[in-house]
Amino acid sequence: MSSIAGFAHADRTILVGVRIPFGLPLALSICVLTLLWLNRQFRTRLAGTVFAVIWVLVTLRMAIESGTKDLVFTVTWYSTTYIIAGAILLSAAAMIPPMRQPQPQDSEAIEI
């Protein structure tokens with residue numbers, strides 16, 4: 001997810017002559033929703049924290065120029081916004097207590 005979001009953040013489209021950077025909110029929402037889903041599925045914040053740490057590592061790797069001069073995050077406003085807003089949103093979302101899945105009530109429980 002981190003790699004996909006890292007590339008998707010730069011997606012733009014032209015609508016009526018105006019360039020719309022739809023990839024930035026799309027990439028950030030994918031990362032935050034993935035983190036929240038992991039917290040809910042595993043019923044612990046540890047899953048989301050691991051995802052946030054992996055996101056940081058992947059983002060750092062994409063922001064550092066490789067030996068062949070390849071660079072994913074160029075110096076643009078949307079790349080900078082993705083890195084800063086992503087760090088803030090993911091760390092905030094990682095601290096939210098995980099939502100618990102609904103448990104059946106005694107009256108709803110099936111007795112065998």
# chains A, B, ... in the order shown; residues from 1 in each chain; ligands from 1
>>> select_by_dssp(residues="region 19-109 of chain A", states="alpha helix (DSSP H)", output="PyMOL selection string")
chain A and resi 23-42+45-63+77-95
>>> closest_atom_pairs(of="region 62-104 of chain A", to="region 49-58 of chain A", cutoff="10 Å", atoms="only C-alpha atoms", output="Markdown table")
| residue | atom | partner | partner_atom | distance |
| --- | --- | --- | --- | --- |
| A:Met62 | CA | A:Val58 | CA | 6.2 |
| A:Ala63 | CA | A:Val58 | CA | 8.6 |
| A:Ile83 | CA | A:Val56 | CA | 8.8 |
| A:Gly86 | CA | A:Trp55 | CA | 8.9 |
| A:Ala87 | CA | A:Val56 | CA | 7.6 |
| A:Leu89 | CA | A:Ala52 | CA | 9.8 |
| A:Leu90 | CA | A:Ala52 | CA | 6.1 |
| A:Ser91 | CA | A:Ala52 | CA | 7.0 |
| A:Ala93 | CA | A:Thr49 | CA | 9.1 |
| A:Ala94 | CA | A:Thr49 | CA | 5.6 |
| A:Met95 | CA | A:Thr49 | CA | 8.2 |
>>> residues_around(residues="region 32-42 of chain A", least_positions_apart="5", cutoff="6 Å", atoms="only C-alpha atoms", output="CSV table (one decimal) with all heavy atoms, in the first residue's frame")
chain,number,residue,atom,x,y,z
A,47,ALA,N,-1.0,-3.2,14.9
A,47,ALA,CA,-1.1,-3.4,13.5
A,47,ALA,C,-1.0,-2.1,12.7
A,47,ALA,O,-0.2,-2.0,11.7
A,47,ALA,CB,-2.4,-4.2,13.1
A,48,GLY,N,-1.7,-1.1,13.2
A,48,GLY,CA,-1.6,0.2,12.5
A,48,GLY,C,-0.3,0.9,12.7
A,48,GLY,O,0.2,1.6,11.8
A,90,LEU,N,-1.2,9.7,9.5
A,90,LEU,CA,-0.9,8.3,9.9
A,90,LEU,C,-0.6,8.2,11.4
A,90,LEU,O,-1.0,7.3,12.1
A,90,LEU,CB,0.1,7.7,9.1
A,90,LEU,CG,-0.3,7.3,7.7
A,90,LEU,CD1,0.9,6.8,6.9
A,90,LEU,CD2,-1.4,6.4,7.7
A,98,PRO,N,-8.7,1.2,18.5
A,98,PRO,CA,-9.3,0.4,17.4
A,98,PRO,C,-10.8,0.2,17.7
A,98,PRO,O,-11.2,0.0,18.9
A,98,PRO,CB,-8.5,-0.9,17.5
A,98,PRO,CG,-7.9,-1.0,18.8
A,98,PRO,CD,-7.7,0.4,19.3
A,99,MET,N,-11.6,0.3,16.7
A,99,MET,CA,-13.0,0.1,16.8
A,99,MET,C,-13.2,-1.4,17.0
A,99,MET,O,-12.5,-2.3,16.3
A,99,MET,CB,-13.8,0.5,15.5
A,99,MET,CG,-13.8,2.0,15.3
A,99,MET,SD,-14.5,2.5,13.8
A,99,MET,CE,-15.7,1.3,13.4
>>> atom_distance(atom1="CA of Thr13 (chain A)", atom2="CA of Leu28 (chain A)")
17.3 Å
>>> select_by_dssp(residues="region 3-111 of chain A", states="strand (DSSP E or B)", output="ChimeraX atom specification")
/A:13-15,18-20
>>> atom_distance(atom1="CA of Leu24 (chain A)", atom2="CA of Ile64 (chain A)")
19.7 Å
>>> decode(residues="region 85-104 of chain A", atoms="C-alpha atoms", output="short mmCIF file (atom, residue, chain, number, x, y, z; two decimals), in the first residue's frame")
data_model
loop_
_atom_site.label_atom_id
_atom_site.label_comp_id
_atom_site.auth_asym_id
_atom_site.auth_seq_id
_atom_site.Cartn_x
_atom_site.Cartn_y
_atom_site.Cartn_z
CA ALA A 85 0.38 15.35 5.73
CA GLY A 86 0.92 11.59 5.54
CA ALA A 87 3.16 11.60 8.60
CA ILE A 88 0.67 13.69 10.57
CA LEU A 89 -2.44 11.78 9.49
CA LEU A 90 -0.94 8.32 9.94
CA SER A 91 0.49 9.07 13.36
CA ALA A 92 -2.85 10.54 14.44
CA ALA A 93 -4.79 7.59 13.03
CA ALA A 94 -2.41 5.11 14.68
CA MET A 95 -3.25 6.59 18.09
CA ILE A 96 -7.02 6.21 17.68
CA PRO A 97 -8.31 3.29 19.76
CA PRO A 98 -9.30 0.43 17.45
CA MET A 99 -13.01 0.05 16.79
CA ARG A 100 -14.28 -3.21 18.15
CA GLN A 101 -16.31 -5.51 15.98
CA PRO A 102 -19.84 -5.94 17.30
CA GLN A 103 -20.30 -8.84 19.67
CA PRO A 104 -23.59 -10.75 19.69
#
